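Written out below as structure tokens is the structure these notes cover.
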Amino acid sequence: MIHDTFALIYTGDQNPLLRELTLSRSVAAVPFGGRYRCIDFVLSNLVNSGIDNVGLIMQKNYHSLMDHLGSGKEWNLNRKHDGLFILPPFMTKDNAGVFCGDIDAIHSVVTYIRRSPQKYVLFTGSHTIFNTTFEDMLRQHVETGADITMMYNVDPHFSAEDQNRDLRLIMRGDGRVTEMEWNPYRPRSNARSCEVLIMEKKLLEYLIEEAYARGDSDLTRDILQRLCPTLRIYGWKYDGYVARLDSINTYYKHSMEMLNVNYARDLYNHEHPIYTKVKDELSAKYGPDAKVQNCMVADGCNIEGNVSDSILFRDVTVAPGAVVKNSILLQGVSVGEGAVLDHVILDKNVTIRPGRSLAGYENFPIVLKKNQIV
Amino acid sequence: MKKKIVAMLLAGGQGSRLGILTSSMAKPAVPFGGKYRIIDFPLSNCVNSDIDTVGVLTQYRPLALNAYLGTGQHWDLDRNDGGVFVLPPYMTEKDGRWYSGTANAIWQNREFIDQYDTEYVLILSGDHIYKMDYHKMLNFHIANNAAATIAVFRVPLSEAHRFGIMNADEKNRITSFEEKPKNPKSGNASMGIYIFNWKLLRKYMEEDDRDPASENDFGKNIIPNMLNAGERMMAYPFDGYWKDVGTITSLWEANMDMLGCPPVLELNDPSWRIYTHNLTLPPHYMDATAEVSNSLITEGSVVRGKITHSVLFAGTHEDVDSEIVDSVVFPRAVIGKGCSVHKAIIGENVVLGNGCTIGGPLREGETVDNKLTDDITLIGNDVTVPAGTYIPKGAVVNAETLHLFTKEG
């Protein structure tokens, strides 16, 4: 059944709450978990489920994402039949070269949807991170005879500051969704959407065509929420670990959760590997005076200083005498001798000169943008 | 399509000097340096030297090697034209035979080389660790108008007796060749890397094939025959890092050469990447109890104990209160609580129970057969060592010999 499903990933969401991390890249390309990008989790979940026709809708700032994906080889999606289809915006008589919302985007790629021979479509966003497969969700979808099945998890956490695309589902006892709240002021439900929908392709085509004709732009608000009373929408509950990259604070919090073995084991499940672009670095190298505790360290790092409670992406250099605590250092960061860092997030290739020090707070980590030199 | 040069990699060796490490795989498939296998070095050198057609000759336990090479995609060798090919011996309608020597392996695969209409052929071995631009060597070969060029590495005269020595004049033309000479005249050790003009080599191999007394070997037959015939043979001096890892001691030493600041063998070199079959594993995790210095640790590993001057491959799990010193731990090994590992090579998938001692001093009256290992302790692939086992230094432990140590313990 799952083989009769194709996937559509929407990577157009902007999120200013992620600050410097999304200045030059889409949310889907945001690095997470030591060596991955958001999109790796989404793609690996699909591939591990057995879905091998994947359309990826791009919006702005997609250079970094295209560079990461290449031909889809690392995800086994470089196929003769199906495989990975990259769908950037383009200019036609009814298309301005930028998508206005996800309805417009899906409408623009209707040729791809029409050509996909599968019966079901799985529509997903790109900034919710988890590790699962979708067979059970599809089985439930067929058994309940639902029009649409939405994946959710129980998320009691709520903070108005970090709120971004927060969709709460209010359900009857049998799982049928009766009402939805979109960025609620005080949520009435702990069931939060994970941005994954399954429905028949025919229904998607119909809903999009109809919404587009009405001039609607937002799938969540104008289709799901509006049609909730008439469509048979069911929730599918996911019990595993879910990380939502809503804001820089949640990014920091979820990144640090990877140092907790229980969360890390759930997300890096051996049975469902997370695939990513491979770079062929040397293993991480520890110098004679290195002191590294409670850290996640990727290949290619060269550590001679003192690092604790931190996440080091590939090719990070920490010079002797440097102290790094509670921080996230993305690929290629270099920390000079004697520098002191605490609660910082350094984007790719940031250089910290010897002796400099930077300190943020748990609820206000300092974020430096790509290639900055301190 | 015509190729200027085709590489042929001699990967046949069982590598009996590597003992139990090669009981289930050919030597080139043996792990090296945290994430590599030995064959990654010649293959990456080929790709980095713009050589895109490589034949890999093997006749011993080809499964691990075959599975490892796959389509060649990890080395960018999945080409429309060319790429990497595993070439085992085969039957014809008349007869068929194993590869009787290094030259015979190439001779049996002459059709493979002929189909590329190549001018030059590069012969490589699968048991050396080095970074070398073969294209520079080819340019040297062409500039000298040579019939054959042999890469040489300068070793001290005192060690020259262990190598094939190429004596050359001041213009690098080879005047004589001695295999493991008692009284070496020079320290130009052959690295087992040859470039031949293909048409000429084909002629010599054909003659050699008709000679029933021949061992069909490059070092013993082809090269001496060419020298005797007065062919223009050149020695190409190489002065980077080069190590034959054909023995347990040299394999261990080469791994240790990657440690140190700066290391003798630098592989973190973006201009000369060593490509490998990368596993998609998460970054490694250092627990709050971990103490690591002077070591290489690879993704997928979990470290809770003390690691000093060691190389850990992907997926190693090392528990609290354990200590690993001067050792190499192959992929997916699990080290239990409170283990002590000194100067050892721990094979793939090995499980050490809690409180094991590996490489401890010899106890009274104890003897071990260490002619292959010197004082390095070797635990073979897939061995599960029960908790509390004491394994003295120099011992070789595999499924058959494990009981010798557990009964006593």
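In the structure tokens, each chain is lettered A, B, ... as it comes, each chain's residues begin at 1, and ligands are numbered from 1 in order of appearance.
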Give me, as a Markdown table, the closest atom pair and its distance (Å, one decimal) for every residue of chain A within a cut-off of 6 Å of chain B, counting only C-alpha atoms, rows sorted by chain and rising number.
```
| residue | atom | partner | partner_atom | distance |
| --- | --- | --- | --- | --- |
| A:Gly34 | CA | B:Pro283 | CA | 6.0 |
| A:Tyr275 | CA | B:Thr280 | CA | 5.7 |
| A:Asp280 | CA | B:Tyr275 | CA | 5.7 |
| A:Leu282 | CA | B:Asn268 | CA | 5.5 |
| A:Ser283 | CA | B:Thr298 | CA | 4.7 |
| A:Ala284 | CA | B:Ile297 | CA | 5.3 |
| A:Lys285 | CA | B:Leu296 | CA | 4.6 |
| A:Tyr286 | CA | B:Asn294 | CA | 5.1 |
| A:Gly287 | CA | B:Asn294 | CA | 4.5 |
| A:Pro288 | CA | B:Asn294 | CA | 4.6 |
| A:Ala290 | CA | B:Ser293 | CA | 5.6 |
| A:Gln293 | CA | B:Ala288 | CA | 4.5 |
| A:Asn294 | CA | B:Ala288 | CA | 4.4 |
| A:Cys295 | CA | B:Met286 | CA | 5.1 |
| A:Met296 | CA | B:Tyr285 | CA | 4.6 |
| A:Val297 | CA | B:Pro283 | CA | 5.3 |
| A:Ala298 | CA | B:Pro283 | CA | 4.3 |
```
Selected residues, N, CA, C and O atoms, written as a PDB file, in the first residue's frame, please.
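Heads up, here's the output in result10.pdb:
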```pdb
ATOM      1  N   GLY A  34      24.298  17.647  14.594  1.00  0.00           N
ATOM      2  CA  GLY A  34      25.706  17.299  14.432  1.00  0.00           C
ATOM      3  C   GLY A  34      26.168  17.092  13.012  1.00  0.00           C
ATOM      4  O   GLY A  34      27.309  17.364  12.697  1.00  0.00           O
ATOM      5  N   TYR A 275      19.787   9.437   6.425  1.00  0.00           N
ATOM      6  CA  TYR A 275      20.792   9.604   5.379  1.00  0.00           C
ATOM      7  C   TYR A 275      21.119  11.077   5.198  1.00  0.00           C
ATOM      8  O   TYR A 275      20.264  11.932   5.393  1.00  0.00           O
ATOM      9  N   ASP A 280      33.359  12.662   3.395  1.00  0.00           N
ATOM     10  CA  ASP A 280      34.671  11.994   3.424  1.00  0.00           C
ATOM     11  C   ASP A 280      35.735  12.686   4.260  1.00  0.00           C
ATOM     12  O   ASP A 280      36.889  12.783   3.855  1.00  0.00           O
ATOM     13  N   LEU A 282      38.168  12.922   7.676  1.00  0.00           N
ATOM     14  CA  LEU A 282      38.842  12.016   8.596  1.00  0.00           C
ATOM     15  C   LEU A 282      37.976  11.900   9.855  1.00  0.00           C
ATOM     16  O   LEU A 282      37.172  12.765  10.139  1.00  0.00           O
ATOM     17  N   SER A 283      38.197  10.867  10.649  1.00  0.00           N
ATOM     18  CA  SER A 283      37.528  10.763  11.949  1.00  0.00           C
ATOM     19  C   SER A 283      37.918  11.971  12.806  1.00  0.00           C
ATOM     20  O   SER A 283      38.921  12.609  12.545  1.00  0.00           O
ATOM     21  N   ALA A 284      37.128  12.233  13.850  1.00  0.00           N
ATOM     22  CA  ALA A 284      37.455  13.375  14.711  1.00  0.00           C
ATOM     23  C   ALA A 284      38.756  13.095  15.440  1.00  0.00           C
ATOM     24  O   ALA A 284      39.005  11.990  15.891  1.00  0.00           O
ATOM     25  N   LYS A 285      39.568  14.151  15.546  1.00  0.00           N
ATOM     26  CA  LYS A 285      40.883  13.971  16.135  1.00  0.00           C
ATOM     27  C   LYS A 285      40.987  14.727  17.454  1.00  0.00           C
ATOM     28  O   LYS A 285      40.638  15.904  17.524  1.00  0.00           O
ATOM     29  N   TYR A 286      41.449  14.055  18.496  1.00  0.00           N
ATOM     30  CA  TYR A 286      41.612  14.667  19.808  1.00  0.00           C
ATOM     31  C   TYR A 286      43.091  14.838  20.092  1.00  0.00           C
ATOM     32  O   TYR A 286      43.853  13.891  19.972  1.00  0.00           O
ATOM     33  N   GLY A 287      43.476  16.032  20.464  1.00  0.00           N
ATOM     34  CA  GLY A 287      44.881  16.318  20.755  1.00  0.00           C
ATOM     35  C   GLY A 287      45.267  15.820  22.139  1.00  0.00           C
ATOM     36  O   GLY A 287      44.425  15.323  22.886  1.00  0.00           O
ATOM     37  N   PRO A 288      46.559  15.984  22.493  1.00  0.00           N
ATOM     38  CA  PRO A 288      47.046  15.445  23.771  1.00  0.00           C
ATOM     39  C   PRO A 288      46.376  16.080  24.987  1.00  0.00           C
ATOM     40  O   PRO A 288      46.212  15.424  26.001  1.00  0.00           O
ATOM     41  N   ALA A 290      43.270  17.527  24.977  1.00  0.00           N
ATOM     42  CA  ALA A 290      41.831  17.706  24.772  1.00  0.00           C
ATOM     43  C   ALA A 290      41.071  17.221  25.995  1.00  0.00           C
ATOM     44  O   ALA A 290      41.457  16.258  26.646  1.00  0.00           O
ATOM     45  N   GLN A 293      33.675  16.456  27.242  1.00  0.00           N
ATOM     46  CA  GLN A 293      32.696  15.712  28.032  1.00  0.00           C
ATOM     47  C   GLN A 293      31.276  16.092  27.676  1.00  0.00           C
ATOM     48  O   GLN A 293      30.972  17.257  27.473  1.00  0.00           O
ATOM     49  N   ASN A 294      30.425  15.070  27.606  1.00  0.00           N
ATOM     50  CA  ASN A 294      29.017  15.232  27.258  1.00  0.00           C
ATOM     51  C   ASN A 294      28.852  16.050  25.980  1.00  0.00           C
ATOM     52  O   ASN A 294      28.223  17.098  25.976  1.00  0.00           O
ATOM     53  N   CYS A 295      29.417  15.530  24.900  1.00  0.00           N
ATOM     54  CA  CYS A 295      29.363  16.243  23.633  1.00  0.00           C
ATOM     55  C   CYS A 295      29.007  15.284  22.511  1.00  0.00           C
ATOM     56  O   CYS A 295      29.244  14.084  22.601  1.00  0.00           O
ATOM     57  N   MET A 296      28.462  15.859  21.449  1.00  0.00           N
ATOM     58  CA  MET A 296      28.267  15.102  20.239  1.00  0.00           C
ATOM     59  C   MET A 296      29.253  15.702  19.243  1.00  0.00           C
ATOM     60  O   MET A 296      29.277  16.915  19.045  1.00  0.00           O
ATOM     61  N   VAL A 297      30.089  14.840  18.655  1.00  0.00           N
ATOM     62  CA  VAL A 297      31.174  15.346  17.812  1.00  0.00           C
ATOM     63  C   VAL A 297      31.146  14.640  16.457  1.00  0.00           C
ATOM     64  O   VAL A 297      31.147  13.411  16.393  1.00  0.00           O
ATOM     65  N   ALA A 298      31.119  15.414  15.377  1.00  0.00           N
ATOM     66  CA  ALA A 298      31.077  14.824  14.044  1.00  0.00           C
ATOM     67  C   ALA A 298      32.488  14.590  13.514  1.00  0.00           C
ATOM     68  O   ALA A 298      33.464  15.106  14.062  1.00  0.00           O
TER      69      ALA A 298
END
```
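If you count only C-alpha atoms and ignore residues fewer than 3 places along the chain from A:Leu267, what sits within 9 Å of it is Phe41, Ile129, Phe130, Asn131, Thr132, Gly240, Tyr241, Val242, Met258, Asn262, Tyr263, Ala264 and Ile274 of chain A.
Omitting B:His128 and its sequence neighbours fewer than 4 positions away, and counting only C-alpha atoms, the residues within 8 Å are Ile38, Phe41, Pro42, Trp242, Lys243, Asp244, Val245 and Gly246 of chain B.
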Check your understanding: Could you pull the residues within 8 Å of A:Pro88, counting only C-alpha atoms, minus those fewer than 4 positions along the same chain, as a list of chain:residue names?
Key ->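 Skipping anything fewer than 4 positions along the chain leaves A:Ile57, A:Met58, A:Gln59.
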Point to revise | Who sits within 10 Å of A:Tyr152, only C-alpha atoms, same chain under 4 positions skipped, as a PyMOL selection string | key: chain A and resi 167-169+190-197+235-239+242
Keeping N, CA, C and O atoms for every residue in the selection just given, could you write it to a file as a short mmCIF file (atom, residue, chain, number, x, y, z; two decimals), in the first residue's frame?
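Done, and the output landed in part_13.cif:
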```
data_model
loop_
_atom_site.label_atom_id
_atom_site.label_comp_id
_atom_site.auth_asym_id
_atom_site.auth_seq_id
_atom_site.Cartn_x
_atom_site.Cartn_y
_atom_site.Cartn_z
N LEU A 167 -0.51 24.23 15.06
CA LEU A 167 -1.86 23.77 14.70
C LEU A 167 -2.28 22.72 15.70
O LEU A 167 -1.65 21.66 15.81
N ARG A 168 -3.35 23.00 16.45
CA ARG A 168 -3.83 22.06 17.48
C ARG A 168 -5.08 21.36 16.96
O ARG A 168 -5.95 21.98 16.33
N LEU A 169 -5.17 20.06 17.23
CA LEU A 169 -6.31 19.28 16.77
C LEU A 169 -7.22 18.97 17.95
O LEU A 169 -6.76 18.51 19.00
N ASN A 190 -3.65 19.34 23.59
CA ASN A 190 -2.22 19.03 23.57
C ASN A 190 -1.81 18.37 22.26
O ASN A 190 -0.63 18.11 22.05
N ALA A 191 -2.79 18.01 21.44
CA ALA A 191 -2.48 17.31 20.19
C ALA A 191 -2.03 18.32 19.15
O ALA A 191 -2.81 19.15 18.69
N ARG A 192 -0.74 18.26 18.81
CA ARG A 192 -0.21 19.25 17.89
C ARG A 192 0.18 18.58 16.57
O ARG A 192 0.83 17.54 16.55
N SER A 193 -0.22 19.20 15.47
CA SER A 193 0.04 18.63 14.14
C SER A 193 1.54 18.55 13.87
O SER A 193 2.30 19.44 14.23
N CYS A 194 1.95 17.46 13.23
CA CYS A 194 3.37 17.29 12.85
C CYS A 194 3.57 17.62 11.38
O CYS A 194 4.55 17.18 10.77
N GLU A 195 2.64 18.33 10.78
CA GLU A 195 2.78 18.77 9.38
C GLU A 195 2.82 17.61 8.39
O GLU A 195 3.51 17.71 7.38
N VAL A 196 2.17 16.49 8.70
CA VAL A 196 2.14 15.39 7.72
C VAL A 196 0.69 15.01 7.46
O VAL A 196 -0.07 14.75 8.40
N LEU A 197 0.30 14.98 6.19
CA LEU A 197 -1.06 14.63 5.81
C LEU A 197 -1.02 13.49 4.81
O LEU A 197 -0.15 13.45 3.95
N GLY A 235 -6.97 11.99 13.14
CA GLY A 235 -5.59 12.18 13.62
C GLY A 235 -4.90 10.83 13.75
O GLY A 235 -5.53 9.82 14.05
N TRP A 236 -3.61 10.82 13.48
CA TRP A 236 -2.78 9.61 13.74
C TRP A 236 -1.71 10.02 14.73
O TRP A 236 -0.90 10.91 14.47
N LYS A 237 -1.74 9.34 15.89
CA LYS A 237 -0.88 9.78 16.97
C LYS A 237 0.51 9.16 16.85
O LYS A 237 0.65 7.96 16.63
N TYR A 238 1.53 10.00 17.00
CA TYR A 238 2.91 9.52 17.00
C TYR A 238 3.46 9.69 18.41
O TYR A 238 3.38 10.77 18.99
N ASP A 239 4.03 8.60 18.96
CA ASP A 239 4.48 8.64 20.35
C ASP A 239 5.96 8.92 20.51
O ASP A 239 6.44 9.08 21.63
N VAL A 242 9.71 14.19 19.00
CA VAL A 242 9.47 15.16 17.94
C VAL A 242 10.17 16.46 18.31
O VAL A 242 10.05 16.95 19.43
#
```
Practice item. Could you give me, as a ChimeraX atom specification, the residues within 9 Å of B:Pro156, counting only C-alpha atoms and dropping anything in the same chain fewer than 6 positions from it? Key: /B:186-188
Check your understanding: So which residues of stretch 255-339 of chain A fall under alpha helix (DSSP H) by DSSP, listed as a PyMOL selection string?
Key -> chain A and resi 255-257+261-267
Go ahead and save the picked residues with C-alpha atoms, as a PDB file, in the first residue's frame.
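Listing of part.pdb after writing:
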```
ATOM      1  CA  SER A 255      19.758  20.425  19.786  1.00  0.00           C
ATOM      2  CA  MET A 256      20.831  20.042  23.409  1.00  0.00           C
ATOM      3  CA  GLU A 257      18.313  17.218  23.835  1.00  0.00           C
ATOM      4  CA  VAL A 261      20.757   9.255  25.228  1.00  0.00           C
ATOM      5  CA  ASN A 262      17.021   8.500  25.279  1.00  0.00           C
ATOM      6  CA  TYR A 263      16.120  11.234  22.826  1.00  0.00           C
ATOM      7  CA  ALA A 264      19.149  10.570  20.663  1.00  0.00           C
ATOM      8  CA  ARG A 265      18.397   6.848  20.503  1.00  0.00           C
ATOM      9  CA  ASP A 266      14.865   7.585  19.321  1.00  0.00           C
ATOM     10  CA  LEU A 267      15.937  10.013  16.615  1.00  0.00           C
TER      11      LEU A 267
END
```
Revision key, fill the gap. Between A:Ile208, A:His254, A:Ser159, A:Val318, smallest distance to A:Tyr185 by only C-alpha atoms belongs to A:Ser159
Review point. Suppose you want the space between atom CA of A:Ser308 and atom CA of A:Tyr251; what is it in Å?
Key: 18.5 Å
Review point. In stretch 43-218 of chain B, what's strand (DSSP E or B) per DSSP? Answer as a PyMOL selection string?
Key: chain B and resi 53-57+83-87+91+96+120-125+128-130+148-154+164-168+173-179+188-197
Could the residues in this selection be written to a file with N, CA and C atoms, as a compact mmCIF listing (two decimals), in the first residue's frame?
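Produced file out.txt, reproduced below:
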```txt
# COMPACT_ATOMS: atom_id res chain seq x y z
N THR B 53 39.48 4.44 -14.66
CA THR B 53 39.22 3.05 -15.00
C THR B 53 40.17 2.18 -14.19
N VAL B 54 39.61 1.36 -13.32
CA VAL B 54 40.43 0.57 -12.40
C VAL B 54 39.91 -0.87 -12.39
N GLY B 55 40.79 -1.81 -12.70
CA GLY B 55 40.45 -3.22 -12.55
C GLY B 55 41.02 -3.72 -11.23
N VAL B 56 40.21 -4.41 -10.44
CA VAL B 56 40.67 -4.92 -9.15
C VAL B 56 40.76 -6.45 -9.27
N LEU B 57 42.00 -6.98 -9.17
CA LEU B 57 42.22 -8.40 -9.40
C LEU B 57 42.24 -9.14 -8.09
N GLY B 83 35.29 3.14 -14.79
CA GLY B 83 34.79 2.86 -13.45
C GLY B 83 35.63 1.78 -12.81
N VAL B 84 35.09 1.16 -11.76
CA VAL B 84 35.86 0.13 -11.06
C VAL B 84 35.25 -1.25 -11.34
N PHE B 85 36.10 -2.23 -11.61
CA PHE B 85 35.65 -3.58 -11.95
C PHE B 85 36.40 -4.59 -11.09
N VAL B 86 35.69 -5.55 -10.54
CA VAL B 86 36.35 -6.64 -9.83
C VAL B 86 36.59 -7.74 -10.86
N LEU B 87 37.83 -8.18 -11.00
CA LEU B 87 38.19 -9.15 -12.03
C LEU B 87 38.70 -10.44 -11.38
N MET B 91 36.89 -19.27 -16.24
CA MET B 91 37.03 -20.42 -17.15
C MET B 91 36.83 -19.96 -18.59
N GLY B 96 40.94 -23.10 -17.74
CA GLY B 96 40.81 -21.97 -16.83
C GLY B 96 41.76 -22.23 -15.70
N TYR B 120 48.97 3.31 -21.73
CA TYR B 120 49.75 2.99 -20.54
C TYR B 120 48.91 2.17 -19.57
N VAL B 121 49.59 1.36 -18.81
CA VAL B 121 48.88 0.65 -17.75
C VAL B 121 49.64 0.87 -16.44
N LEU B 122 48.86 1.14 -15.38
CA LEU B 122 49.43 1.41 -14.06
C LEU B 122 49.13 0.19 -13.19
N ILE B 123 50.17 -0.41 -12.63
CA ILE B 123 49.98 -1.58 -11.77
C ILE B 123 50.15 -1.15 -10.31
N LEU B 124 49.17 -1.49 -9.49
CA LEU B 124 49.20 -1.07 -8.08
C LEU B 124 49.03 -2.27 -7.17
N SER B 125 49.47 -2.14 -5.92
CA SER B 125 49.17 -3.21 -4.96
C SER B 125 48.13 -2.72 -3.97
N HIS B 128 49.17 -0.99 0.58
CA HIS B 128 50.04 0.12 0.98
C HIS B 128 49.21 1.34 1.35
N ILE B 129 49.71 2.08 2.33
CA ILE B 129 49.07 3.31 2.77
C ILE B 129 49.94 4.47 2.31
N TYR B 130 49.42 5.32 1.42
CA TYR B 130 50.18 6.46 0.92
C TYR B 130 49.26 7.35 0.09
N ALA B 148 59.23 1.38 -19.01
CA ALA B 148 58.57 1.10 -17.74
C ALA B 148 59.11 2.07 -16.69
N THR B 149 58.24 2.47 -15.76
CA THR B 149 58.68 3.32 -14.66
C THR B 149 58.24 2.67 -13.37
N ILE B 150 59.15 2.60 -12.40
CA ILE B 150 58.86 1.95 -11.13
C ILE B 150 59.04 2.98 -10.02
N ALA B 151 57.99 3.16 -9.22
CA ALA B 151 58.10 4.12 -8.13
C ALA B 151 58.99 3.54 -7.04
N VAL B 152 59.91 4.36 -6.53
CA VAL B 152 60.80 3.88 -5.48
C VAL B 152 60.76 4.82 -4.28
N PHE B 153 61.02 4.24 -3.16
CA PHE B 153 60.96 4.94 -1.89
C PHE B 153 62.30 4.71 -1.21
N ARG B 154 62.92 5.81 -0.74
CA ARG B 154 64.25 5.65 -0.18
C ARG B 154 64.19 5.09 1.24
N GLY B 164 62.53 -5.08 -2.50
CA GLY B 164 63.08 -5.21 -3.84
C GLY B 164 63.81 -3.91 -4.13
N ILE B 165 65.10 -3.98 -4.44
CA ILE B 165 65.89 -2.75 -4.58
C ILE B 165 66.17 -2.47 -6.06
N MET B 166 65.87 -1.25 -6.48
CA MET B 166 66.11 -0.80 -7.85
C MET B 166 67.37 0.07 -7.84
N ASN B 167 68.49 -0.44 -8.34
CA ASN B 167 69.68 0.40 -8.42
C ASN B 167 69.60 1.24 -9.68
N ALA B 168 69.78 2.57 -9.53
CA ALA B 168 69.61 3.46 -10.67
C ALA B 168 70.81 4.38 -10.80
N ARG B 173 67.83 6.20 -14.28
CA ARG B 173 67.61 5.01 -15.11
C ARG B 173 68.05 3.78 -14.32
N ILE B 174 67.20 2.78 -14.30
CA ILE B 174 67.49 1.59 -13.50
C ILE B 174 68.56 0.76 -14.18
N THR B 175 69.59 0.42 -13.41
CA THR B 175 70.68 -0.37 -13.97
C THR B 175 70.56 -1.84 -13.56
N SER B 176 70.08 -2.06 -12.34
CA SER B 176 69.90 -3.46 -11.94
C SER B 176 68.83 -3.56 -10.86
N PHE B 177 68.31 -4.76 -10.69
CA PHE B 177 67.25 -5.00 -9.73
C PHE B 177 67.61 -6.19 -8.86
N GLU B 178 67.48 -6.03 -7.55
CA GLU B 178 67.78 -7.16 -6.66
C GLU B 178 66.60 -7.35 -5.71
N GLU B 179 66.11 -8.56 -5.63
CA GLU B 179 65.01 -8.85 -4.71
C GLU B 179 65.61 -9.19 -3.34
N ASN B 188 66.91 2.27 -2.81
CA ASN B 188 65.73 2.56 -3.64
C ASN B 188 64.76 1.38 -3.61
N ALA B 189 63.85 1.37 -2.63
CA ALA B 189 62.94 0.24 -2.50
C ALA B 189 61.79 0.38 -3.48
N SER B 190 61.47 -0.70 -4.17
CA SER B 190 60.33 -0.67 -5.09
C SER B 190 59.05 -0.60 -4.28
N MET B 191 58.12 0.28 -4.68
CA MET B 191 56.87 0.44 -3.95
C MET B 191 55.78 -0.44 -4.53
N GLY B 192 56.14 -1.26 -5.52
CA GLY B 192 55.10 -2.10 -6.14
C GLY B 192 54.16 -1.30 -7.01
N ILE B 193 54.60 -0.13 -7.48
CA ILE B 193 53.79 0.71 -8.35
C ILE B 193 54.53 0.85 -9.67
N TYR B 194 53.93 0.34 -10.74
CA TYR B 194 54.63 0.34 -12.04
C TYR B 194 53.76 1.00 -13.10
N ILE B 195 54.41 1.74 -14.02
CA ILE B 195 53.72 2.16 -15.24
C ILE B 195 54.44 1.51 -16.41
N PHE B 196 53.67 0.84 -17.27
CA PHE B 196 54.24 0.21 -18.46
C PHE B 196 53.58 0.77 -19.70
N ASN B 197 54.33 0.76 -20.81
CA ASN B 197 53.69 0.97 -22.10
C ASN B 197 52.94 -0.33 -22.40
```
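Using only C-alpha atoms, the smallest distance between any of B:Ile223, B:Leu10, B:Val351, B:Ala147 and B:Lys199 comes from B:Ala147.
Interatomic distance, atom CA of B:Tyr68 against atom CA of B:Arg37: 9.2 Å.
Between B:Asn398 and the candidates B:Tyr236, B:Pro361, B:Ile346, B:Asn48, the tightest atom-to-atom separation, counting only C-alpha atoms, involves B:Ile346.
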